[in-house]
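Enquirer: Compact mmCIF, C-alpha atoms and all ligand atoms, file protein29.txt:
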# COMPACT_ATOMS: atom_id res chain seq x y z
CA MET A 1 -11.36 41.70 -19.69
CA LEU A 2 -13.79 42.86 -22.38
CA PHE A 3 -12.94 45.69 -24.73
CA CYS A 4 -16.00 47.27 -26.40
CA ASP A 5 -15.96 49.78 -29.22
CA ILE A 6 -19.17 51.32 -30.58
CA ASP A 7 -19.69 50.77 -34.31
CA ASN A 8 -19.82 53.88 -36.49
CA PHE A 9 -19.84 56.20 -33.51
CA LYS A 10 -18.14 58.90 -35.55
CA ARG A 11 -21.17 59.01 -37.79
CA VAL A 12 -23.41 59.92 -34.85
CA ASN A 13 -21.00 62.68 -33.81
CA ASP A 14 -20.67 63.98 -37.35
CA SER A 15 -24.34 63.92 -38.25
CA LEU A 16 -26.08 64.73 -34.96
CA GLY A 17 -23.36 66.68 -33.17
CA HIS A 18 -21.11 66.02 -30.19
CA ASP A 19 -23.85 66.68 -27.63
CA ALA A 20 -25.84 63.86 -29.17
CA GLY A 21 -22.73 61.66 -29.13
CA ASP A 22 -22.26 62.40 -25.42
CA GLU A 23 -25.89 61.58 -24.69
CA LEU A 24 -25.52 58.26 -26.47
CA LEU A 25 -22.39 57.39 -24.48
CA VAL A 26 -24.17 58.14 -21.20
CA ALA A 27 -27.19 56.04 -22.20
CA LEU A 28 -24.96 53.08 -23.09
CA ALA A 29 -23.01 53.43 -19.83
CA ARG A 30 -26.32 53.29 -17.90
CA ARG A 31 -27.31 50.13 -19.76
CA LEU A 32 -23.99 48.48 -18.88
CA GLU A 33 -24.23 49.52 -15.23
CA SER A 34 -27.70 48.19 -14.76
CA GLY A 35 -27.49 45.11 -16.99
CA LEU A 36 -24.14 43.58 -16.10
CA PRO A 37 -24.03 40.57 -13.76
CA ASP A 38 -22.67 41.06 -10.21
CA GLY A 39 -18.90 41.00 -9.94
CA CYS A 40 -18.38 42.95 -13.17
CA THR A 41 -16.95 46.46 -13.29
CA ALA A 42 -17.57 48.68 -16.31
CA ALA A 43 -15.55 51.76 -17.23
CA ARG A 44 -15.34 54.14 -20.12
CA LEU A 45 -11.75 54.08 -21.34
CA SER A 46 -11.88 56.93 -23.86
CA GLY A 47 -13.96 58.11 -26.78
CA ASP A 48 -16.44 55.37 -27.62
CA GLU A 49 -14.52 52.62 -25.82
CA TYR A 50 -15.75 50.78 -22.75
CA VAL A 51 -13.88 48.18 -20.76
CA ILE A 52 -15.46 45.55 -18.55
CA ILE A 53 -13.54 43.62 -15.95
CA CYS A 54 -14.93 40.45 -14.45
CA SER A 55 -13.09 38.93 -11.49
CA ASP A 56 -14.74 35.50 -11.67
CA VAL A 57 -15.81 34.67 -15.18
CA ASP A 58 -16.97 31.14 -14.31
CA ARG A 59 -19.55 32.55 -11.94
CA VAL A 60 -21.22 34.42 -14.81
CA GLY A 61 -21.33 31.38 -17.09
CA GLY A 62 -18.01 31.76 -18.89
CA VAL A 63 -16.42 34.42 -21.04
CA GLU A 64 -18.49 33.71 -24.14
CA ALA A 65 -21.79 34.05 -22.30
CA LEU A 66 -20.56 37.30 -20.76
CA ALA A 67 -19.44 38.69 -24.11
CA ARG A 68 -22.81 37.81 -25.64
CA LYS A 69 -24.57 39.49 -22.73
CA VAL A 70 -22.53 42.68 -23.19
CA ALA A 71 -23.10 42.60 -26.94
CA SER A 72 -26.84 42.46 -26.37
CA LEU A 73 -26.66 45.36 -23.87
CA LEU A 74 -24.82 47.45 -26.44
CA ARG A 75 -27.08 46.44 -29.33
CA THR A 76 -30.00 48.77 -28.88
CA ALA A 77 -31.79 51.84 -30.13
CA VAL A 78 -31.34 55.00 -28.07
CA PRO A 79 -33.40 58.17 -28.44
CA VAL A 80 -31.03 61.13 -28.75
CA HIS A 81 -32.09 64.64 -29.69
CA GLY A 82 -35.50 63.35 -30.74
CA GLN A 83 -34.09 60.68 -33.05
CA LEU A 84 -33.84 56.97 -32.50
CA VAL A 85 -30.21 55.95 -33.07
CA ARG A 86 -29.45 52.29 -33.63
CA VAL A 87 -26.13 51.15 -32.18
CA SER A 88 -24.04 48.03 -31.84
CA ALA A 89 -20.50 47.38 -30.64
CA ALA A 90 -17.50 45.25 -31.50
CA ILE A 91 -16.33 43.30 -28.49
CA GLY A 92 -12.97 41.69 -27.83
CA ALA A 93 -12.40 39.44 -24.83
CA ALA A 94 -9.21 38.22 -23.21
CA VAL A 95 -8.87 35.74 -20.36
CA PRO A 96 -5.60 35.32 -18.43
CA ASN A 97 -3.92 32.09 -19.47
CA GLY A 98 -0.99 30.30 -17.90
CA SER A 99 1.55 33.05 -18.59
CA ARG A 100 0.23 35.41 -15.88
CA PRO A 101 -0.30 38.48 -18.04
CA THR A 102 -0.40 41.90 -16.39
CA GLY A 103 -3.51 44.07 -16.52
CA ALA A 104 -1.89 46.11 -19.29
CA ASP A 105 -1.24 42.91 -21.30
CA LEU A 106 -4.85 41.80 -20.91
CA LEU A 107 -6.07 45.19 -22.08
CA ARG A 108 -3.82 44.95 -25.13
CA PHE A 109 -5.03 41.43 -25.95
CA ALA A 110 -8.69 42.41 -25.55
CA ASP A 111 -8.07 45.46 -27.74
CA ALA A 112 -6.47 43.29 -30.43
CA ALA A 113 -9.42 40.88 -30.25
CA MET A 114 -11.83 43.82 -30.61
CA PHE A 115 -9.90 44.94 -33.67
CA GLU A 116 -10.28 41.46 -35.11
CA ALA A 117 -14.02 41.48 -34.36
CA LYS A 118 -14.38 44.88 -36.03
CA SER A 119 -12.75 43.60 -39.20
CA ARG A 120 -15.58 41.07 -39.54
CA GLY A 121 -18.32 43.72 -39.53
CA ALA A 122 -20.59 45.47 -37.03
CA GLY A 123 -21.73 43.91 -33.75
CA LYS A 124 -19.22 41.05 -33.69
CA VAL A 125 -17.56 39.38 -30.71
CA SER A 126 -14.08 37.89 -30.67
CA LEU A 127 -12.08 36.00 -28.07
CA ALA A 128 -8.30 36.51 -27.98
CA SER A 129 -6.74 33.21 -29.00
CA ALA A 130 -3.22 32.14 -28.13
CA ALA A 131 -2.21 32.99 -31.71
CA LEU A 132 -3.74 36.45 -31.50
CA MET A 133 -2.06 37.15 -28.17
CA ALA A 134 1.29 36.04 -29.58
CA SER A 135 0.78 38.29 -32.59
CA ALA A 136 -0.13 41.23 -30.32
CA ASP A 137 3.10 40.60 -28.43
CA ARG A 138 5.09 40.52 -31.65
CA GLN A 139 3.42 43.80 -32.64
CA VAL A 140 4.59 45.49 -29.44
CA HIS A 141 8.07 44.11 -29.95
CA LEU A 142 8.13 45.34 -33.56
CA GLU A 143 6.88 48.73 -32.46
CA GLY A 144 9.81 49.05 -30.04
CA GLN A 145 12.26 48.06 -32.77
CA LEU A 146 10.71 50.57 -35.18
CA ARG A 147 10.98 53.36 -32.61
CA ASP A 148 14.66 52.46 -32.28
CA ALA A 149 15.23 52.32 -36.02
CA LEU A 150 13.67 55.78 -36.40
CA ALA A 151 15.85 57.23 -33.69
CA ARG A 152 19.01 55.70 -35.16
CA ASP A 153 18.48 56.38 -38.88
CA GLY A 154 17.83 52.68 -39.37
CA LEU A 155 15.25 53.05 -42.15
CA ALA A 156 16.02 53.38 -45.85
CA LEU A 157 14.46 55.14 -48.81
CA HIS A 158 14.00 53.74 -52.27
CA PHE A 159 13.15 55.98 -55.20
CA GLN A 160 10.87 55.30 -58.15
CA PRO A 161 10.98 57.56 -61.21
CA VAL A 162 7.91 59.30 -62.61
CA VAL A 163 8.52 59.95 -66.31
CA GLY A 164 7.08 62.12 -69.05
CA ALA A 165 5.78 60.68 -72.33
CA ASP A 166 9.35 60.92 -73.73
CA GLY A 167 10.89 58.96 -70.83
CA ALA A 168 12.55 61.93 -69.13
CA VAL A 169 12.47 61.57 -65.35
CA LEU A 170 10.38 64.43 -63.96
CA THR A 171 10.02 63.33 -60.34
CA ALA A 172 11.09 60.53 -58.03
CA GLU A 173 8.79 59.21 -55.34
CA ALA A 174 10.50 58.33 -52.07
CA LEU A 175 9.24 54.96 -50.75
CA VAL A 176 10.30 53.90 -47.28
CA ARG A 177 11.82 50.49 -46.46
CA TRP A 178 12.96 48.94 -43.21
CA PRO A 179 16.11 46.81 -43.37
CA HIS A 180 15.13 44.69 -40.36
CA PRO A 181 17.96 42.90 -38.55
CA ASP A 182 16.21 39.48 -38.58
CA ARG A 183 13.47 39.76 -41.16
CA GLY A 184 15.24 41.33 -44.14
CA LEU A 185 13.98 44.34 -46.07
CA LEU A 186 10.44 45.09 -44.90
CA ALA A 187 7.88 46.79 -47.15
CA PRO A 188 5.84 49.72 -45.85
CA GLY A 189 2.69 47.58 -45.93
CA VAL A 190 4.20 45.55 -43.09
CA PHE A 191 5.39 48.30 -40.76
CA LEU A 192 3.24 51.36 -41.48
CA PRO A 193 0.34 49.80 -39.55
CA VAL A 194 2.78 49.24 -36.67
CA ALA A 195 3.85 52.88 -36.90
CA GLU A 196 0.23 53.96 -36.88
CA GLN A 197 -0.63 51.82 -33.88
CA GLY A 198 2.41 53.16 -32.03
CA ASP A 199 1.69 56.79 -32.93
CA LEU A 200 4.94 57.00 -34.87
CA LEU A 201 3.62 58.10 -38.27
CA ARG A 202 4.35 61.75 -37.73
CA GLU A 203 7.91 61.09 -36.75
CA LEU A 204 8.33 58.68 -39.66
CA ASP A 205 7.09 61.33 -42.10
CA ARG A 206 9.53 63.87 -40.72
CA TRP A 207 12.40 61.42 -41.14
CA VAL A 208 11.36 60.56 -44.71
CA LEU A 209 10.93 64.22 -45.63
CA ARG A 210 14.35 65.21 -44.30
CA THR A 211 16.13 62.19 -45.76
CA ALA A 212 14.47 62.37 -49.18
CA LEU A 213 15.26 66.08 -49.52
CA ARG A 214 18.85 65.57 -48.49
CA GLU A 215 19.16 62.86 -51.14
CA ALA A 216 17.44 64.97 -53.81
CA ALA A 217 20.02 67.70 -53.24
CA ARG A 218 22.61 65.35 -54.84
CA TRP A 219 20.70 64.41 -58.00
CA PRO A 220 22.09 65.34 -61.40
CA LEU A 221 19.94 67.28 -63.85
CA GLN A 222 17.84 65.30 -66.32
CA ASP A 223 17.74 66.75 -69.83
CA GLY A 224 19.03 69.97 -68.31
CA ARG A 225 16.19 70.12 -65.78
CA PRO A 226 16.17 69.41 -62.04
CA VAL A 227 14.25 66.31 -60.89
CA ALA A 228 11.51 66.86 -58.30
CA VAL A 229 11.12 64.69 -55.19
CA ALA A 230 7.75 63.35 -54.00
CA VAL A 231 7.17 62.40 -50.37
CA ASN A 232 4.16 60.54 -48.96
CA LEU A 233 2.67 62.08 -45.85
CA ALA A 234 0.29 60.25 -43.53
CA GLY A 235 1.15 61.53 -40.04
CA LEU A 236 2.51 65.01 -40.69
CA VAL A 237 -0.47 66.42 -42.59
CA PRO A 238 -2.09 69.79 -43.29
CA GLY A 239 -3.94 70.83 -40.15
CA ASP A 240 -1.04 69.81 -37.94
CA PRO A 241 0.07 73.02 -36.18
CA ASP A 242 3.71 72.39 -37.20
CA PHE A 243 2.95 71.38 -40.77
CA VAL A 244 4.17 74.46 -42.65
CA ASP A 245 7.12 75.07 -40.33
CA SER A 246 8.30 71.46 -40.50
CA VAL A 247 8.10 71.36 -44.29
CA CYS A 248 9.83 74.72 -44.71
CA ALA A 249 12.59 73.83 -42.25
CA ALA A 250 13.31 70.53 -44.02
CA VAL A 251 13.35 72.17 -47.46
CA VAL A 252 15.57 75.07 -46.41
CA GLU A 253 17.97 72.75 -44.57
CA SER A 254 18.38 70.58 -47.67
CA GLY A 255 19.01 73.47 -50.02
CA VAL A 256 16.53 71.97 -52.51
CA ALA A 257 14.35 74.56 -54.30
CA PHE A 258 10.72 74.62 -53.12
CA ASP A 259 9.47 74.02 -56.65
CA ARG A 260 11.17 70.62 -56.63
CA VAL A 261 9.01 69.39 -53.74
CA VAL A 262 5.84 67.33 -54.14
CA LEU A 263 3.80 66.26 -51.10
CA GLU A 264 1.52 63.27 -51.67
CA LEU A 265 -1.62 62.93 -49.57
CA VAL A 266 -4.59 60.61 -49.87
CA GLU A 267 -7.97 62.07 -50.76
CA THR A 268 -9.33 61.69 -47.23
CA ALA A 269 -6.55 63.95 -45.89
CA LEU A 270 -7.52 66.66 -48.39
CA VAL A 271 -11.31 66.88 -48.18
CA ASP A 272 -13.23 69.27 -45.94
CA LEU A 273 -10.18 71.16 -44.72
CA PRO A 274 -10.87 74.25 -42.63
CA SER A 275 -10.01 77.54 -44.32
CA ARG A 276 -7.06 78.15 -42.00
CA THR A 277 -5.47 74.88 -43.12
CA ARG A 278 -6.09 75.71 -46.75
CA ALA A 279 -4.41 79.05 -46.20
CA GLN A 280 -1.36 77.26 -44.77
CA MET A 281 -1.20 74.99 -47.79
CA ALA A 282 -1.54 78.01 -50.08
CA GLU A 283 1.48 79.51 -48.32
CA LEU A 284 3.56 76.48 -49.34
CA VAL A 285 2.12 76.48 -52.87
CA GLU A 286 3.03 80.16 -53.12
CA ARG A 287 6.65 79.17 -52.49
CA GLY A 288 6.47 76.53 -55.21
CA VAL A 289 5.54 73.31 -53.36
CA ARG A 290 3.02 71.07 -55.16
CA PHE A 291 0.46 68.80 -53.53
CA ALA A 292 -0.62 65.51 -55.11
CA VAL A 293 -3.79 63.51 -54.42
CA ASP A 294 -2.51 59.96 -54.07
CA ASP A 295 -4.47 56.82 -55.02
CA PHE A 296 -7.14 58.95 -56.66
CA GLY A 297 -10.35 57.01 -57.18
CA THR A 298 -10.05 54.77 -54.12
CA GLY A 299 -11.37 57.26 -51.54
CA TYR A 300 -14.91 58.26 -50.86
CA SER A 301 -15.15 61.46 -52.81
CA SER A 302 -16.92 61.64 -56.11
CA LEU A 303 -15.29 62.91 -59.26
CA ALA A 304 -16.98 66.26 -58.69
CA ARG A 305 -15.06 66.56 -55.41
CA LEU A 306 -11.84 66.86 -57.39
CA LYS A 307 -12.66 70.50 -57.97
CA GLU A 308 -12.41 71.21 -54.25
CA LEU A 309 -9.23 69.27 -53.55
CA PRO A 310 -6.32 71.65 -52.97
CA ALA A 311 -3.83 69.75 -55.14
CA GLN A 312 -1.95 70.50 -58.33
CA ILE A 313 -1.32 66.86 -59.21
CA VAL A 314 -3.70 63.89 -59.44
CA LYS A 315 -2.30 60.35 -59.22
CA VAL A 316 -4.70 57.88 -60.80
CA ASP A 317 -4.66 54.70 -58.74
CA ARG A 318 -3.12 51.50 -60.07
CA ARG A 319 -6.49 49.80 -59.68
CA PHE A 320 -7.81 51.68 -62.73
CA VAL A 321 -4.55 51.65 -64.62
CA SER A 322 -4.23 47.86 -64.60
CA GLY A 323 -7.34 47.31 -66.70
CA VAL A 324 -7.11 50.16 -69.21
CA GLY A 325 -5.82 47.83 -71.94
CA ASN A 326 -8.62 45.27 -71.73
CA ASP A 327 -11.44 46.46 -69.47
CA PRO A 328 -13.64 49.15 -71.05
CA ALA A 329 -14.94 50.18 -67.60
CA ASP A 330 -11.42 50.84 -66.27
CA LEU A 331 -10.59 52.76 -69.41
CA ALA A 332 -13.74 54.87 -69.01
CA VAL A 333 -12.85 55.70 -65.40
CA ALA A 334 -9.25 56.57 -66.26
CA LYS A 335 -10.42 58.69 -69.18
CA ALA A 336 -13.01 60.51 -67.08
CA VAL A 337 -10.48 61.28 -64.34
CA VAL A 338 -7.89 62.50 -66.83
CA ASP A 339 -10.40 64.67 -68.73
CA MET A 340 -11.65 66.16 -65.53
CA ALA A 341 -8.18 66.71 -64.06
CA ARG A 342 -7.03 68.43 -67.23
CA ALA A 343 -10.12 70.62 -67.42
CA MET A 344 -9.34 71.79 -63.91
CA GLY A 345 -5.72 72.48 -64.73
CA ARG A 346 -4.33 69.55 -62.75
CA HIS A 347 -1.30 67.55 -63.79
CA CYS A 348 -2.22 63.88 -64.19
CA VAL A 349 0.04 60.95 -63.21
CA ALA A 350 -0.80 57.27 -63.83
CA GLU A 351 0.46 54.85 -61.15
CA GLY A 352 1.44 51.22 -61.58
CA VAL A 353 2.04 51.27 -65.34
CA GLU A 354 3.35 47.79 -66.06
CA THR A 355 2.81 47.14 -69.76
CA ALA A 356 3.45 48.93 -73.03
CA THR A 357 -0.26 48.62 -73.86
CA GLN A 358 -1.25 50.44 -70.68
CA PHE A 359 1.28 53.15 -71.45
CA HIS A 360 0.02 53.68 -75.01
CA VAL A 361 -3.63 53.73 -74.00
CA LEU A 362 -2.93 56.18 -71.17
CA ARG A 363 -0.87 58.42 -73.39
CA GLY A 364 -3.79 58.35 -75.80
CA VAL A 365 -6.20 59.70 -73.18
CA GLY A 366 -3.80 62.50 -72.24
CA VAL A 367 -2.01 61.41 -69.06
CA ASP A 368 0.92 63.77 -68.36
CA ALA A 369 3.31 61.44 -66.51
CA TYR A 370 3.81 57.74 -65.77
CA GLN A 371 5.10 55.68 -62.88
CA GLY A 372 5.45 51.93 -62.81
CA TRP A 373 7.51 48.82 -63.34
CA LEU A 374 7.42 49.31 -67.11
CA PHE A 375 9.96 52.09 -66.55
CA SER A 376 11.57 51.18 -63.26
CA ARG A 377 10.88 49.67 -59.88
CA ALA A 378 11.70 51.67 -56.77
CA VAL A 379 15.48 51.36 -56.36
CA ALA A 380 17.99 52.16 -53.63
CA ALA A 381 19.20 55.76 -53.41
CA ARG A 382 22.59 55.08 -54.97
CA GLU A 383 21.14 53.06 -57.81
CA PHE A 384 18.68 55.86 -58.48
CA ARG A 385 21.49 58.39 -58.83
CA THR A 386 23.14 56.11 -61.37
CA LEU A 387 19.84 55.74 -63.23
CA LEU A 388 19.50 59.52 -63.44
CA GLY A 389 23.02 59.83 -64.81
CA LEU A 390 22.09 57.56 -67.75
CA GLY A 391 19.52 60.06 -69.06
CA PRO A 392 15.85 59.56 -70.04
CA LEU A 393 14.37 56.06 -69.67
CA HIS A 394 13.44 53.84 -72.56
CA VAL A 395 9.89 54.37 -73.83
CA PRO A 396 8.21 51.53 -75.77
CA ARG A 397 7.36 52.49 -79.35
CA SER A 398 3.76 52.60 -80.47
CA ARG A 399 2.72 49.64 -82.55
P1 LIG B 1 1.85 54.49 -52.97
O1 LIG B 1 2.13 55.85 -52.46
O2 LIG B 1 0.65 54.32 -53.85
O3 LIG B 1 3.18 54.00 -53.68
C1 LIG B 1 3.20 53.23 -54.84
C2 LIG B 1 3.37 51.77 -54.51
O4 LIG B 1 3.16 51.00 -55.70
C3 LIG B 1 4.78 51.42 -54.04
O5 LIG B 1 4.66 50.34 -53.14
C4 LIG B 1 5.44 50.97 -55.33
O6 LIG B 1 6.57 50.15 -55.12
C5 LIG B 1 4.31 50.22 -55.99
N1 LIG B 1 4.44 50.17 -57.43
C6 LIG B 1 5.05 51.06 -58.22
N2 LIG B 1 4.96 50.72 -59.52
C7 LIG B 1 4.25 49.57 -59.56
C8 LIG B 1 3.81 48.72 -60.64
O7 LIG B 1 4.04 48.95 -61.81
N3 LIG B 1 3.09 47.62 -60.29
C9 LIG B 1 2.80 47.32 -59.00
N4 LIG B 1 2.09 46.22 -58.75
N5 LIG B 1 3.21 48.12 -57.95
C10 LIG B 1 3.92 49.23 -58.24
P2 LIG B 1 5.39 50.35 -51.74
O8 LIG B 1 6.75 50.95 -51.85
O9 LIG B 1 5.27 48.97 -51.18
O10 LIG B 1 4.52 51.34 -50.88
C11 LIG B 1 3.21 51.03 -50.54
C12 LIG B 1 2.52 52.20 -49.90
O11 LIG B 1 3.10 52.53 -48.64
C13 LIG B 1 2.63 53.48 -50.71
O12 LIG B 1 1.67 53.46 -51.74
C14 LIG B 1 2.35 54.52 -49.66
O13 LIG B 1 0.98 54.64 -49.42
C15 LIG B 1 3.00 53.92 -48.43
N6 LIG B 1 4.34 54.51 -48.27
C16 LIG B 1 5.49 54.16 -48.89
N7 LIG B 1 6.50 54.93 -48.46
C17 LIG B 1 5.98 55.80 -47.55
C18 LIG B 1 6.55 56.86 -46.76
O14 LIG B 1 7.74 57.18 -46.82
N8 LIG B 1 5.71 57.50 -45.92
C19 LIG B 1 4.38 57.18 -45.83
N9 LIG B 1 3.63 57.88 -44.98
N10 LIG B 1 3.83 56.23 -46.57
C20 LIG B 1 4.62 55.53 -47.43
CA CA B 2 2.34 57.83 -53.20
CA CA B 3 -0.46 55.82 -54.93
If you convert what's in this file into structure tokens, what do you get?
Ligand code: C2E
Ligand code: CA
Ligand code: CA
Expert:
Amino acid sequence: MLFCDIDNFKRVNDSLGHDAGDELLVALARRLESGLPDGCTAARLSGDEYVIICSDVDRVGGVEALARKVASLLRTAVPVHGQLVRVSAAIGAAVPNGSRPTGADLLRFADAAMFEAKSRGAGKVSLASAALMASADRQVHLEGQLRDALARDGLALHFQPVVGADGAVLTAEALVRWPHPDRGLLAPGVFLPVAEQGDLLRELDRWVLRTALREAARWPLQDGRPVAVAVNLAGLVPGDPDFVDSVCAAVVESGVAFDRVVLELVETALVDLPSRTRAQMAELVERGVRFAVDDFGTGYSSLARLKELPAQIVKVDRRFVSGVGNDPADLAVAKAVVDMARAMGRHCVAEGVETATQFHVLRGVGVDAYQGWLFSRAVAAREFRTLLGLGPLHVPRSR
């Protein structure tokens, strides 16, 4: 079984239009049909994915020869809408081994091999090894366990404070953890990709939103002021038909005031939004909700794009924060982002502040709030409540 995925197909669709994309898909299908050896069946699975089944791979010279043949068929230049479009494809191959896999298993293994090929660049071919097949199996198993955990409240939230220059806790970011029965406490970096693969991100976001708000309803005031709660959203995002309703329902149910809610989204989820979606976000902002651009500086948009992002808060990525004390380039980037954010009336948060030097430098350039291990790691819900009860966090003195 060969799993083929066209490289950068989205770019053709985006730049030349969907009709052009369709034309390209038809042209590639014709090439496969006419160029494949006898005994092979080609099909379009969905989108820009083709699958090829070969019933006797030895007869066509072995799986590697077949994969190379298919790669060469899909590496071509096709005239569409009067333009010559160069294409290539990532190809993953899986051959049944001793364990008698089902057709669905083979498809999964070939898909995983394709994914591996893709990670090495355009036009690559990869054969599913025993290790890769085992890892694909583990992935499916993990996905099932995650689905279960979600349904049975088996995930946990940790909270990390975001503080003002005086150490007062302004906000807490909810960060999800998975207390796994055999593997201990899993970090989101381990299971979010599993959630994504299993189409569980939306449900995970809903759970986090509900749980974080419920927890925030119990927090004591800090310096006489309520502490806001920030939630990361990756599956339930603006543009989703239920977005506004889901957010409102969760907020109302918790009893937390709307102006204590921050929704963190990455840049890519905030650019080029249709006007209807922007209007929906404005509805939430009207009620007091704030949006934050997460990991700012790591996406594709230029600094000038910041003006168009519908967000009240900008979180400067840790990547730039880490060097502000000793790398003039990092400092220049951080300073430019902060200047720009302030000029546009955005509130600026620095992420991953680990040292007193970083804190002092960032305060010097005008950052409004700070998050990082210098102040506190993300801690369990109960520990966070205790932390809040102790009052503002310690701020290192300037030298
Ligand atoms: P993020 O939103 O950028 O969250 C900040 C990450 O940086 C957290 O990692 C946090 O523990 C870590 N961090 C905080 N301060 C420091 C520091 O001073 N130094 C260093 N080296 N790291 C620091 P975590 O909890 O592992 O989360 C990783 C990512 O997973 C998050 O990045 C976010 O993108 C995603 N994530 C976490 N929780 C959720 C969630 O509930 N829903 C969704 N959709 N995504 C989540
Ligand atoms: Ca975040
Ligand atoms: Ca971040």
Enquirer: Any idea what the distance is between atom CA of Glu351 of chain A and atom CA of Arg318 of chain A?
Expert: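 The value is 5.0 Å.
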Enquirer: Please identify all polymer residues within 10 Å of Glu196 of chain A, counting all atoms listed in the file, omitting same-chain residues fewer than 5 positions from it, and present them as a PyMOL selection string.
Expert: chain A and resi 143+191+201-202+204+234-235
Enquirer: Contacts between ligand LIG 1 (chain B) and chain A, please, where a residue of chain A counts if it comes within 8 Å (with all atoms listed in the file); show its shortest atom pair and distance in Å to one decimal, rows by chain and ascending number, as a Markdown table.
Expert:
| residue | atom | partner | partner_atom | distance |
| --- | --- | --- | --- | --- |
| A:Leu157 | CA | B:LIG1 | O14 | 7.3 |
| A:His158 | CA | B:LIG1 | O8 | 7.8 |
| A:Gln160 | CA | B:LIG1 | C6 | 7.2 |
| A:Glu173 | CA | B:LIG1 | O3 | 7.8 |
| A:Ala174 | CA | B:LIG1 | O14 | 6.0 |
| A:Leu175 | CA | B:LIG1 | N7 | 3.6 |
| A:Val176 | CA | B:LIG1 | N7 | 4.1 |
| A:Arg177 | CA | B:LIG1 | N7 | 7.2 |
| A:Ala187 | CA | B:LIG1 | O9 | 5.3 |
| A:Pro188 | CA | B:LIG1 | O11 | 4.8 |
| A:Gly189 | CA | B:LIG1 | O11 | 5.7 |
| A:Leu192 | CA | B:LIG1 | N10 | 7.1 |
| A:Leu201 | CA | B:LIG1 | N9 | 6.7 |
| A:Leu204 | CA | B:LIG1 | N8 | 6.9 |
| A:Asp205 | CA | B:LIG1 | N8 | 5.6 |
| A:Val208 | CA | B:LIG1 | O14 | 5.4 |
| A:Leu209 | CA | B:LIG1 | O14 | 7.8 |
| A:Val231 | CA | B:LIG1 | O14 | 6.3 |
| A:Asn232 | CA | B:LIG1 | N8 | 4.6 |
| A:Leu233 | CA | B:LIG1 | N9 | 4.4 |
| A:Ala234 | CA | B:LIG1 | N9 | 4.3 |
| A:Gly235 | CA | B:LIG1 | N9 | 6.6 |
| A:Glu264 | CA | B:LIG1 | O1 | 7.5 |
| A:Asp294 | CA | B:LIG1 | O1 | 6.4 |
| A:Asp295 | CA | B:LIG1 | O2 | 5.8 |
| A:Asp317 | CA | B:LIG1 | O2 | 7.2 |
| A:Arg318 | CA | B:LIG1 | C9 | 7.3 |
| A:Glu351 | CA | B:LIG1 | N2 | 6.3 |
| A:Gly352 | CA | B:LIG1 | O7 | 3.5 |
| A:Val353 | CA | B:LIG1 | O7 | 4.7 |
| A:Glu354 | CA | B:LIG1 | O7 | 4.5 |
| A:Gln371 | CA | B:LIG1 | N2 | 6.0 |
| A:Gly372 | CA | B:LIG1 | O7 | 3.4 |
| A:Trp373 | CA | B:LIG1 | O7 | 3.8 |
| A:Leu374 | CA | B:LIG1 | O7 | 6.3 |
| A:Ser376 | CA | B:LIG1 | N2 | 7.6 |
| A:Arg377 | CA | B:LIG1 | N2 | 6.0 |
| A:Ala378 | CA | B:LIG1 | O6 | 5.6 |
Enquirer: At most 12 Å from (-5.3, 54.3, -61.9), file frame, only C-alpha atoms: which residues, as a PyMOL selection string?
Expert: chain A and resi 293-298+314-325+329-338+348-354+358-359+362+367+370-372
Enquirer: Quick check, in Å to one decimal: how far apart do atom CA of Ala93 of chain A and atom CA of Leu127 of chain A lie?
Expert: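 Computing it gives 4.7 Å between the two atoms.
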Enquirer: Within 8 Å of (-12.0, 42.4, -16.4), only C-alpha atoms: residues as a PyMOL selection string?
Expert: chain A and resi 1-2+40-41+51-55
Enquirer: Neighbouring residues of segment 236-245 of chain A were defined as those with any atom within 12 Å, considering only C-alpha atoms; residues of the same chain fewer than 4 positions away were excluded. Please report them as a count of residues only.
Expert: 48
Enquirer: Excluding Val194 of chain A and its own-chain neighbours fewer than 4 positions away, which residues fall within 8 Å of it when counting all atoms listed in the file? Please give them as a list of chain:residue names.
Expert: A:Gln139, A:Leu142, A:Glu143, A:Val190, A:Gly198
Enquirer: Pick out the closest residue to ligand CA 2 (chain B) from this set: A:Ser135, A:Ser254, A:Thr171, A:Ser246. Count all atoms listed in the file.
Expert: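 Of the candidates, the smallest distance to ligand CA 2 (chain B) is held by A:Thr171.
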Enquirer: Nearest residue to Cys4 of chain A out of A:Gly47, A:Gly35, A:Gly389, A:Gly82, using all atoms listed in the file?
Expert: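 Looking only at the distances to Cys4 of chain A, the closest residue turns out to be A:Gly47.
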Enquirer: Between atom CA of Arg346 of chain A and atom CA of Arg214 of chain A, what is the distance in Å, rounded to a tenth?
Expert: 27.5 Å
Enquirer: Using all atoms listed in the file for the distances, tell me which of A:Gln83, A:Leu24, A:Val162, A:Ala212 is nearest to ligand CA 3 (chain B).
Expert: A:Val162
Enquirer: Env of Ile6 of chain A: 10 Å cut, atoms = only C-alpha atoms, seq-sep filter 5 positions within chain, self excluded. Answer as a PyMOL selection string.
Expert: chain A and resi 25+28+47-50+74-75+87-91+118+122-123
Enquirer: Can you tell me, as a PyMOL selection string, what residues are no more than 7 Å from segment 56-69 of chain A when counting all atoms listed in the file, ignoring any on the same chain fewer than 2 positions away?
Expert: chain A and resi 37+54+71-73+125
